[in-house]
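Coordinates as given in input_15.cif (mmCIF, C-alpha atoms):
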```
data_my_file
#
loop_
_atom_site.label_atom_id
_atom_site.label_comp_id
_atom_site.auth_asym_id
_atom_site.auth_seq_id
_atom_site.Cartn_x
_atom_site.Cartn_y
_atom_site.Cartn_z
CA MET A 1 -28.90 24.82 6.38
CA ALA A 2 -30.74 21.81 7.73
CA VAL A 3 -28.89 18.50 7.65
CA LYS A 4 -30.79 15.86 5.71
CA LYS A 5 -31.61 12.91 7.92
CA GLN A 6 -30.24 9.62 6.58
CA PRO A 7 -32.62 6.66 6.45
CA VAL A 8 -31.98 3.76 8.83
CA ARG A 9 -30.44 0.78 7.10
CA PHE A 10 -30.25 -2.83 8.29
CA PHE A 11 -27.39 -5.30 7.94
CA VAL A 12 -27.94 -9.05 8.27
CA VAL A 13 -25.44 -10.30 10.85
CA ALA A 14 -26.61 -13.95 11.10
CA ASN A 15 -28.88 -16.13 9.00
CA ASP A 16 -27.79 -19.74 9.50
CA PRO A 17 -30.49 -22.46 9.71
CA GLU A 18 -30.76 -24.00 13.18
CA PRO A 19 -33.06 -26.38 15.08
CA CYS A 20 -36.42 -24.79 15.86
CA PRO A 21 -36.98 -24.20 19.59
CA TYR A 22 -40.77 -24.28 19.15
CA LEU A 23 -41.47 -27.36 17.01
CA PRO A 24 -39.64 -30.72 17.18
CA ASP A 25 -37.76 -31.87 14.07
CA ALA A 26 -38.21 -28.47 12.41
CA THR A 27 -35.53 -26.08 11.16
CA MET A 28 -35.62 -22.36 11.90
CA GLN A 29 -34.40 -19.56 9.63
CA LEU A 30 -34.15 -16.34 11.62
CA PRO A 31 -32.25 -13.50 9.92
CA LEU A 32 -30.83 -11.18 12.59
CA ARG A 33 -30.60 -7.57 11.39
CA MET A 34 -28.59 -4.76 12.93
CA PRO A 35 -29.94 -1.22 12.38
CA THR A 36 -27.45 1.53 11.62
CA ALA A 37 -29.17 3.93 14.04
CA ARG A 38 -31.64 3.99 16.90
CA LEU A 39 -35.19 3.43 15.66
CA THR A 40 -37.74 6.23 15.95
CA PRO A 41 -41.11 5.35 17.50
CA ASP A 42 -43.00 5.69 14.20
CA LEU A 43 -40.49 3.50 12.33
CA PHE A 44 -40.66 0.91 15.09
CA ASP A 45 -44.46 0.85 14.74
CA GLN A 46 -44.05 0.06 11.04
CA LEU A 47 -41.57 -2.73 11.75
CA LEU A 48 -43.85 -4.30 14.36
CA GLU A 49 -46.71 -4.19 11.87
CA GLN A 50 -44.52 -6.12 9.44
CA GLY A 51 -43.94 -8.83 12.04
CA ASP A 52 -40.56 -7.79 13.45
CA ARG A 53 -39.29 -8.55 16.95
CA ARG A 54 -36.28 -7.25 18.88
CA SER A 55 -33.51 -9.14 20.69
CA GLY A 56 -30.85 -6.89 22.15
CA PRO A 57 -29.93 -4.30 19.51
CA LEU A 58 -31.01 -6.68 16.71
CA LEU A 59 -34.31 -7.20 14.91
CA TYR A 60 -35.63 -10.46 13.51
CA ARG A 61 -38.59 -12.00 11.75
CA PRO A 62 -39.03 -15.76 11.16
CA SER A 63 -38.33 -16.54 7.49
CA CYS A 64 -38.44 -20.33 7.48
CA PRO A 65 -38.71 -21.62 3.89
CA ALA A 66 -40.68 -24.77 4.76
CA CYS A 67 -42.84 -23.52 7.65
CA ASN A 68 -45.22 -20.67 8.47
CA ALA A 69 -46.28 -21.78 11.96
CA CYS A 70 -45.02 -18.57 13.63
CA GLU A 71 -47.64 -15.82 13.60
CA ALA A 72 -47.08 -12.37 15.07
CA ILE A 73 -49.93 -11.60 17.48
CA ARG A 74 -51.22 -8.32 18.91
CA VAL A 75 -54.07 -7.29 21.22
CA HIS A 76 -56.29 -4.35 20.31
CA VAL A 77 -56.05 -2.31 23.51
CA PRO A 78 -59.17 -0.08 23.18
CA THR A 79 -61.53 -3.04 22.75
CA PHE A 80 -59.79 -5.66 24.92
CA ALA A 81 -61.96 -7.27 27.60
CA ALA A 82 -60.53 -9.62 30.21
CA SER A 83 -62.16 -13.01 30.65
CA ARG A 84 -63.50 -14.24 33.98
CA SER A 85 -60.41 -16.37 34.65
CA GLN A 86 -58.13 -13.47 33.75
CA ARG A 87 -59.98 -11.21 36.17
CA ARG A 88 -59.47 -13.85 38.87
CA ALA A 89 -55.73 -13.77 38.19
CA ALA A 90 -55.78 -9.99 38.64
CA LYS A 91 -57.61 -10.43 41.95
CA ARG A 92 -54.90 -12.80 43.21
CA ASN A 93 -52.29 -10.09 42.71
CA GLU A 94 -53.87 -7.10 44.42
CA ASP A 95 -50.88 -6.97 46.78
CA VAL A 96 -48.35 -6.60 43.94
CA THR A 97 -46.59 -3.27 43.40
CA VAL A 98 -45.74 -2.37 39.80
CA GLU A 99 -42.85 -0.09 38.79
CA ARG A 100 -41.68 1.06 35.34
CA VAL A 101 -37.96 1.80 35.06
CA ARG A 102 -35.22 1.60 32.47
CA PRO A 103 -33.85 -1.94 31.91
CA SER A 104 -30.91 -2.99 34.06
CA VAL A 105 -29.31 -6.17 35.40
CA SER A 106 -28.54 -7.12 38.97
CA ALA A 107 -27.79 -10.36 40.82
CA GLU A 108 -31.51 -10.51 41.69
CA HIS A 109 -32.53 -10.16 38.03
CA LEU A 110 -30.10 -12.85 36.94
CA ARG A 111 -31.08 -15.32 39.65
CA LEU A 112 -34.79 -14.95 38.85
CA TYR A 113 -34.23 -15.10 35.09
CA ASN A 114 -32.17 -18.30 35.27
CA ARG A 115 -34.58 -19.99 37.67
CA HIS A 116 -37.50 -19.21 35.38
CA SER A 117 -35.61 -20.37 32.28
CA ARG A 118 -34.63 -23.62 33.97
CA GLU A 119 -37.93 -24.45 35.69
CA ARG A 120 -40.71 -22.77 33.70
CA GLY A 121 -39.53 -21.06 30.53
CA LEU A 122 -38.73 -22.12 27.01
CA SER A 123 -34.95 -22.08 27.40
CA LEU A 124 -32.98 -21.39 24.22
CA ARG A 125 -29.64 -22.05 25.91
CA GLU A 126 -28.05 -25.00 27.69
CA GLN A 127 -26.03 -23.04 30.26
CA PRO A 128 -27.30 -20.42 32.75
CA ALA A 129 -27.16 -16.88 31.40
CA THR A 130 -24.31 -14.67 32.56
CA GLU A 131 -24.63 -10.96 33.26
CA THR A 132 -23.18 -10.30 29.79
CA ASP A 133 -25.77 -12.63 28.19
CA TYR A 134 -28.62 -10.94 30.04
CA ARG A 135 -27.38 -7.46 29.26
CA PHE A 136 -27.09 -8.18 25.52
CA PHE A 137 -30.55 -9.82 25.38
CA LEU A 138 -32.65 -7.55 27.60
CA VAL A 139 -30.75 -4.36 28.44
CA GLU A 140 -29.05 -3.31 25.20
CA THR A 141 -31.60 -1.94 22.76
CA SER A 142 -32.14 0.02 19.57
CA VAL A 143 -35.59 1.36 20.57
CA ASP A 144 -37.36 3.00 23.54
CA SER A 145 -37.28 0.11 26.02
CA TRP A 146 -38.60 -0.11 29.58
CA GLU A 147 -38.58 -2.65 32.37
CA VAL A 148 -41.74 -3.35 34.36
CA ARG A 149 -41.01 -4.74 37.81
CA TYR A 150 -43.51 -6.66 39.90
CA LEU A 151 -42.79 -6.65 43.65
CA VAL A 152 -44.35 -7.91 46.86
CA GLU A 153 -43.18 -6.06 49.99
CA GLY A 154 -40.11 -4.91 48.08
CA ARG A 155 -39.18 -8.39 46.81
CA LEU A 156 -38.87 -8.80 43.04
CA ILE A 157 -41.15 -11.60 41.81
CA ALA A 158 -41.45 -10.86 38.07
CA VAL A 159 -39.99 -8.71 35.30
CA SER A 160 -41.22 -7.70 31.86
CA ILE A 161 -39.22 -5.94 29.16
CA LEU A 162 -41.33 -3.74 26.88
CA ASP A 163 -40.49 -1.84 23.69
CA PHE A 164 -42.40 1.36 22.95
CA GLY A 165 -43.37 2.77 19.59
CA GLU A 166 -45.68 5.71 18.96
CA ARG A 167 -48.90 3.71 19.05
CA SER A 168 -47.60 0.24 19.86
CA VAL A 169 -45.96 -1.60 22.74
CA SER A 170 -44.13 -4.88 22.21
CA SER A 171 -43.62 -7.40 24.98
CA VAL A 172 -40.04 -8.64 24.55
CA TYR A 173 -39.79 -11.07 27.45
CA HIS A 174 -41.40 -11.89 30.79
CA TYR A 175 -40.06 -14.03 33.61
CA PHE A 176 -41.20 -14.71 37.17
CA ASP A 177 -40.35 -16.51 40.39
CA PRO A 178 -41.46 -20.18 39.97
CA ASP A 179 -42.34 -20.26 43.68
CA GLU A 180 -45.11 -17.74 42.91
CA SER A 181 -46.81 -19.90 40.24
CA ARG A 182 -50.17 -19.82 42.04
CA ARG A 183 -50.44 -16.11 41.26
CA SER A 184 -50.60 -16.62 37.45
CA LEU A 185 -48.10 -13.79 37.04
CA GLY A 186 -47.91 -14.29 33.28
CA VAL A 187 -51.62 -13.51 32.97
CA PHE A 188 -51.47 -10.69 35.49
CA SER A 189 -48.53 -9.04 33.74
CA VAL A 190 -50.34 -9.05 30.38
CA LEU A 191 -53.44 -7.47 31.97
CA ARG A 192 -51.38 -4.83 33.81
CA GLU A 193 -49.37 -3.99 30.71
CA ILE A 194 -52.50 -3.68 28.58
CA GLU A 195 -53.81 -1.30 31.23
CA LEU A 196 -50.56 0.66 31.01
CA CYS A 197 -51.09 0.91 27.24
CA ARG A 198 -54.60 2.25 27.87
CA GLU A 199 -53.25 4.86 30.26
CA LEU A 200 -50.74 6.00 27.62
CA GLY A 201 -53.17 5.98 24.69
CA ILE A 202 -51.42 3.04 22.99
CA GLU A 203 -53.50 1.14 20.41
CA TRP A 204 -51.64 -2.17 20.04
CA TYR A 205 -49.99 -4.49 22.56
CA TYR A 206 -47.79 -7.00 20.74
CA LEU A 207 -47.39 -10.37 22.45
CA GLY A 208 -44.65 -11.66 20.16
CA LEU A 209 -45.05 -14.92 18.26
CA TYR A 210 -47.96 -17.34 18.43
CA VAL A 211 -47.42 -20.99 17.46
CA GLN A 212 -50.51 -23.14 17.76
CA ALA A 213 -48.61 -26.40 18.35
CA CYS A 214 -46.28 -24.93 21.01
CA ALA A 215 -47.66 -24.88 24.56
CA HIS A 216 -45.15 -22.18 25.54
CA LEU A 217 -46.63 -19.80 22.94
CA ASN A 218 -50.24 -20.75 22.19
CA TYR A 219 -51.59 -19.22 25.43
CA LYS A 220 -51.23 -15.83 23.72
CA ALA A 221 -54.42 -16.45 21.77
CA GLU A 222 -56.49 -16.26 24.98
CA TYR A 223 -56.64 -12.44 24.95
CA PHE A 224 -59.52 -11.01 22.88
CA PRO A 225 -59.93 -9.38 20.53
CA HIS A 226 -56.54 -9.99 18.99
CA GLU A 227 -55.02 -10.04 15.54
CA ARG A 228 -52.56 -12.51 14.04
CA ARG A 229 -50.35 -11.91 11.04
CA ILE A 230 -51.05 -14.81 8.67
CA ASP A 231 -49.50 -15.03 5.20
CA GLY A 232 -48.50 -11.37 5.36
CA ALA A 233 -51.89 -9.97 6.44
CA TRP A 234 -53.45 -9.23 9.85
CA HIS A 235 -56.61 -11.18 10.72
CA ARG A 236 -58.85 -10.31 13.67
CA PHE A 237 -60.06 -12.97 16.11
CA GLU A 238 -63.04 -12.23 18.31
CA ALA A 239 -63.91 -14.09 21.51
CA PRO A 240 -64.78 -17.77 20.97
CA GLY A 241 -68.24 -18.62 19.67
CA ALA A 242 -70.60 -21.23 21.07
CA ASP A 243 -68.38 -24.04 19.71
CA GLY A 244 -65.34 -22.65 21.53
CA VAL A 245 -63.55 -21.70 18.30
CA PRO A 246 -62.42 -18.04 18.03
CA ILE A 247 -64.37 -16.11 15.41
CA ARG A 248 -61.98 -15.00 12.67
CA ARG A 249 -62.56 -11.91 10.62
CA PRO A 250 -60.48 -10.69 7.64
#
```

What is this file in structure tokens?
Amino acid sequence: MAVKKQPVRFFVVANDPEPCPYLPDATMQLPLRMPTARLTPDLFDQLLEQGDRRSGPLLYRPSCPACNACEAIRVHVPTFAASRSQRRAAKRNEDVTVERVRPSVSAEHLRLYNRHSRERGLSLREQPATETDYRFFLVETSVDSWEVRYLVEGRLIAVSILDFGERSVSSVYHYFDPDESRRSLGVFSVLREIELCRELGIEWYYLGLYVQACAHLNYKAEYFPHERRIDGAWHRFEAPGADGVPIRRP
């Protein structure tokens, strides 16, 4: 007799208002939910489509009562076309080796992560991350997660953490060596990971949250065509028109 599979349930483990890291003088409401079981790829696709993100084993979705600035954003892989400046960034990184492995933490990971957080990233913490902090944030997971390593002559210069669904890939976090800023590794990593999605037959590449007024997040709208989740519905944005404004379609 077949055992009936129990549905995955979610328990809210934290939901206290706190200062918003993206907008000054704003308050963030970010319910953190713990699933009772590992998420299947098809269920994870559904959650991404609803605007969910993952942090460690937890899922979250901004639910701020007085603000809707955060918009989930995703690139349509089959129709994506790199811009001229993005292609130049790819050209600057022809010497980079790319590896896909399971997430882990080492002294090299931690050093690079903390340097990036301190010098280039949007740091959500005052103190440098410990190995335990890093492991909980980027190694522990409730989905099919992978680490993409970017190396030059064996030296680690950037890391991405990706979550895989059945037809979606979600970029969880990316960090790089600040000494390699001239390479535009953030741009290059997005292009390489979109190419990885193409190779695997993935339809959507989720870039996380887009906030127009936050310089750390608004660059995500430079990849076309993309869709943003606005007021509970996905809206498509084509490449900018003659006036430089992206063409929005329902």

### Message
For the provided coordinates, the residues matched by the PyMOL selection byres ((chain A and resi 75) around 8) should be stated as a list in words.
### Response
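Applied to this file, the PyMOL selection byres ((chain A and resi 75) around 8) selects Ile73, Arg74, His76, Val77, Phe80, Trp204, Tyr205, Tyr206, Leu207, Tyr223, Phe224, Pro225, His226 and Glu227 of chain A.
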
For the residues in the current selection, export C-alpha atoms as an mmCIF file, in the frame of the given file.
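Done, and the output landed in out10.cif:
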```cif
data_model
loop_
_atom_site.group_PDB
_atom_site.id
_atom_site.type_symbol
_atom_site.label_atom_id
_atom_site.label_comp_id
_atom_site.auth_asym_id
_atom_site.auth_seq_id
_atom_site.Cartn_x
_atom_site.Cartn_y
_atom_site.Cartn_z
ATOM 1 C CA ILE A 73 -49.930 -11.600 17.480
ATOM 2 C CA ARG A 74 -51.220 -8.320 18.910
ATOM 3 C CA HIS A 76 -56.290 -4.350 20.310
ATOM 4 C CA VAL A 77 -56.050 -2.310 23.510
ATOM 5 C CA PHE A 80 -59.790 -5.660 24.920
ATOM 6 C CA TRP A 204 -51.640 -2.170 20.040
ATOM 7 C CA TYR A 205 -49.990 -4.490 22.560
ATOM 8 C CA TYR A 206 -47.790 -7.000 20.740
ATOM 9 C CA LEU A 207 -47.390 -10.370 22.450
ATOM 10 C CA TYR A 223 -56.640 -12.440 24.950
ATOM 11 C CA PHE A 224 -59.520 -11.010 22.880
ATOM 12 C CA PRO A 225 -59.930 -9.380 20.530
ATOM 13 C CA HIS A 226 -56.540 -9.990 18.990
ATOM 14 C CA GLU A 227 -55.020 -10.040 15.540
#
```

### Task
Convert the output of the PyMOL selection byres ((chain A and resi 45) around 8) on the shown file into explicit residues, formatted as JSON, numbers by chain.
{"A": [41, 42, 43, 44, 46, 47, 48, 49, 165, 166, 167, 168]}

### Query
How many Å separate CA of Ala72 (chain A) from CA of Tyr113 (chain A)?
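Atom-to-atom, CA of Ala72 (chain A) and CA of Tyr113 (chain A) are spaced 23.9 Å apart.
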
### Message
Using all atoms listed in the file, which protein or nucleic acid residues come within 9 Å of Leu156 (chain A)? Drop anything in the same chain fewer than 2 positions from it, and give the result as a list in words.
### Response
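Listing them by chain and then by number gives Glu108, His109, Leu112, Arg149, Tyr150, Leu151, Val152, Glu153, Gly154, Ala158, Val159, Phe176 and Asp177 of chain A.
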
### Task
Specify as a PyMOL selection string each residue included when the PyMOL selection byres ((chain A and resi 55) around 12) is applied to this file.
chain A and resi 30-34+52-54+56-61+133-143+145+161-163+170-173+208

Radius query 12 Å about (-37.8, -19.7, 32.2), atoms used: only C-alpha atoms, as a short mmCIF file (atom, residue, chain, number, x, y, z; two decimals) with C-alpha atoms, keeping the file's coordinate frame:
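The file below, part.cif, is the result:
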```cif
data_model
loop_
_atom_site.label_atom_id
_atom_site.label_comp_id
_atom_site.auth_asym_id
_atom_site.auth_seq_id
_atom_site.Cartn_x
_atom_site.Cartn_y
_atom_site.Cartn_z
CA LEU A 110 -30.10 -12.85 36.94
CA ARG A 111 -31.08 -15.32 39.65
CA LEU A 112 -34.79 -14.95 38.85
CA TYR A 113 -34.23 -15.10 35.09
CA ASN A 114 -32.17 -18.30 35.27
CA ARG A 115 -34.58 -19.99 37.67
CA HIS A 116 -37.50 -19.21 35.38
CA SER A 117 -35.61 -20.37 32.28
CA ARG A 118 -34.63 -23.62 33.97
CA GLU A 119 -37.93 -24.45 35.69
CA ARG A 120 -40.71 -22.77 33.70
CA GLY A 121 -39.53 -21.06 30.53
CA LEU A 122 -38.73 -22.12 27.01
CA SER A 123 -34.95 -22.08 27.40
CA LEU A 124 -32.98 -21.39 24.22
CA ARG A 125 -29.64 -22.05 25.91
CA GLU A 126 -28.05 -25.00 27.69
CA PRO A 128 -27.30 -20.42 32.75
CA ALA A 129 -27.16 -16.88 31.40
CA ALA A 158 -41.45 -10.86 38.07
CA VAL A 159 -39.99 -8.71 35.30
CA TYR A 173 -39.79 -11.07 27.45
CA HIS A 174 -41.40 -11.89 30.79
CA TYR A 175 -40.06 -14.03 33.61
CA PHE A 176 -41.20 -14.71 37.17
CA ASP A 177 -40.35 -16.51 40.39
CA PRO A 178 -41.46 -20.18 39.97
CA GLY A 186 -47.91 -14.29 33.28
CA HIS A 216 -45.15 -22.18 25.54
#
```

#### Entry: Distance in Å - CA of Pro35 (chain A) versus CA of Asp16 (chain A)
18.9 Å

### Task
Show which residues sit within 12 Å of Glu195 (chain A), as a ChimeraX atom specification. Count only C-alpha atoms, and ignore same-chain residues fewer than 3 positions away.
/A:75-82,90,98,169,188-192,198-205

Listed atoms of region 126-144 of chain A boxed axis-aligned with 8 Å per side, centre + edges as AutoDock Vina command-line options:
```
--center_x -30.3 --center_y -11.0 --center_z 26.4 --size_x 30.2 --size_y 44.0 --size_z 29.7
```

### Query
For Glu147 (chain A), which of A:Gly51, A:Pro17, A:Pro24, A:Pro103 is the closest residue, counting only C-alpha atoms?
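Under the stated criterion, the closest residue is A:Pro103.
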
### Task
Tell me which of A:Val12, A:Ala233, A:Leu196, A:Leu23 sits closest to Cys70 (chain A), counting all atoms listed in the file.
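Answer, going by the shortest atom-to-atom distance: A:Leu23.
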
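CA of Val211 (chain A) lies 5.7 Å from CA of Ala69 (chain A).
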
### Polymer residues at most 9 Å from Asn93 (chain A), only C-alpha atoms, same-chain spacing of 3 or more positions, as a PyMOL selection string
chain A and resi 88-90+96-97+183-185+188

### Query
List as a PyMOL selection string: which residues have an atom within 10 Å of (-36.8, -24.7, 12.6), counting all atoms listed in the file?
chain A and resi 17-30+62-67+69

Same residues, C-alpha atoms, output as a CSV table (one decimal), keeping the file's coordinate frame:
```
chain,number,residue,atom,x,y,z
A,17,PRO,CA,-30.5,-22.5,9.7
A,18,GLU,CA,-30.8,-24.0,13.2
A,19,PRO,CA,-33.1,-26.4,15.1
A,20,CYS,CA,-36.4,-24.8,15.9
A,21,PRO,CA,-37.0,-24.2,19.6
A,22,TYR,CA,-40.8,-24.3,19.2
A,23,LEU,CA,-41.5,-27.4,17.0
A,24,PRO,CA,-39.6,-30.7,17.2
A,25,ASP,CA,-37.8,-31.9,14.1
A,26,ALA,CA,-38.2,-28.5,12.4
A,27,THR,CA,-35.5,-26.1,11.2
A,28,MET,CA,-35.6,-22.4,11.9
A,29,GLN,CA,-34.4,-19.6,9.6
A,30,LEU,CA,-34.2,-16.3,11.6
A,62,PRO,CA,-39.0,-15.8,11.2
A,63,SER,CA,-38.3,-16.5,7.5
A,64,CYS,CA,-38.4,-20.3,7.5
A,65,PRO,CA,-38.7,-21.6,3.9
A,66,ALA,CA,-40.7,-24.8,4.8
A,67,CYS,CA,-42.8,-23.5,7.6
A,69,ALA,CA,-46.3,-21.8,12.0
```
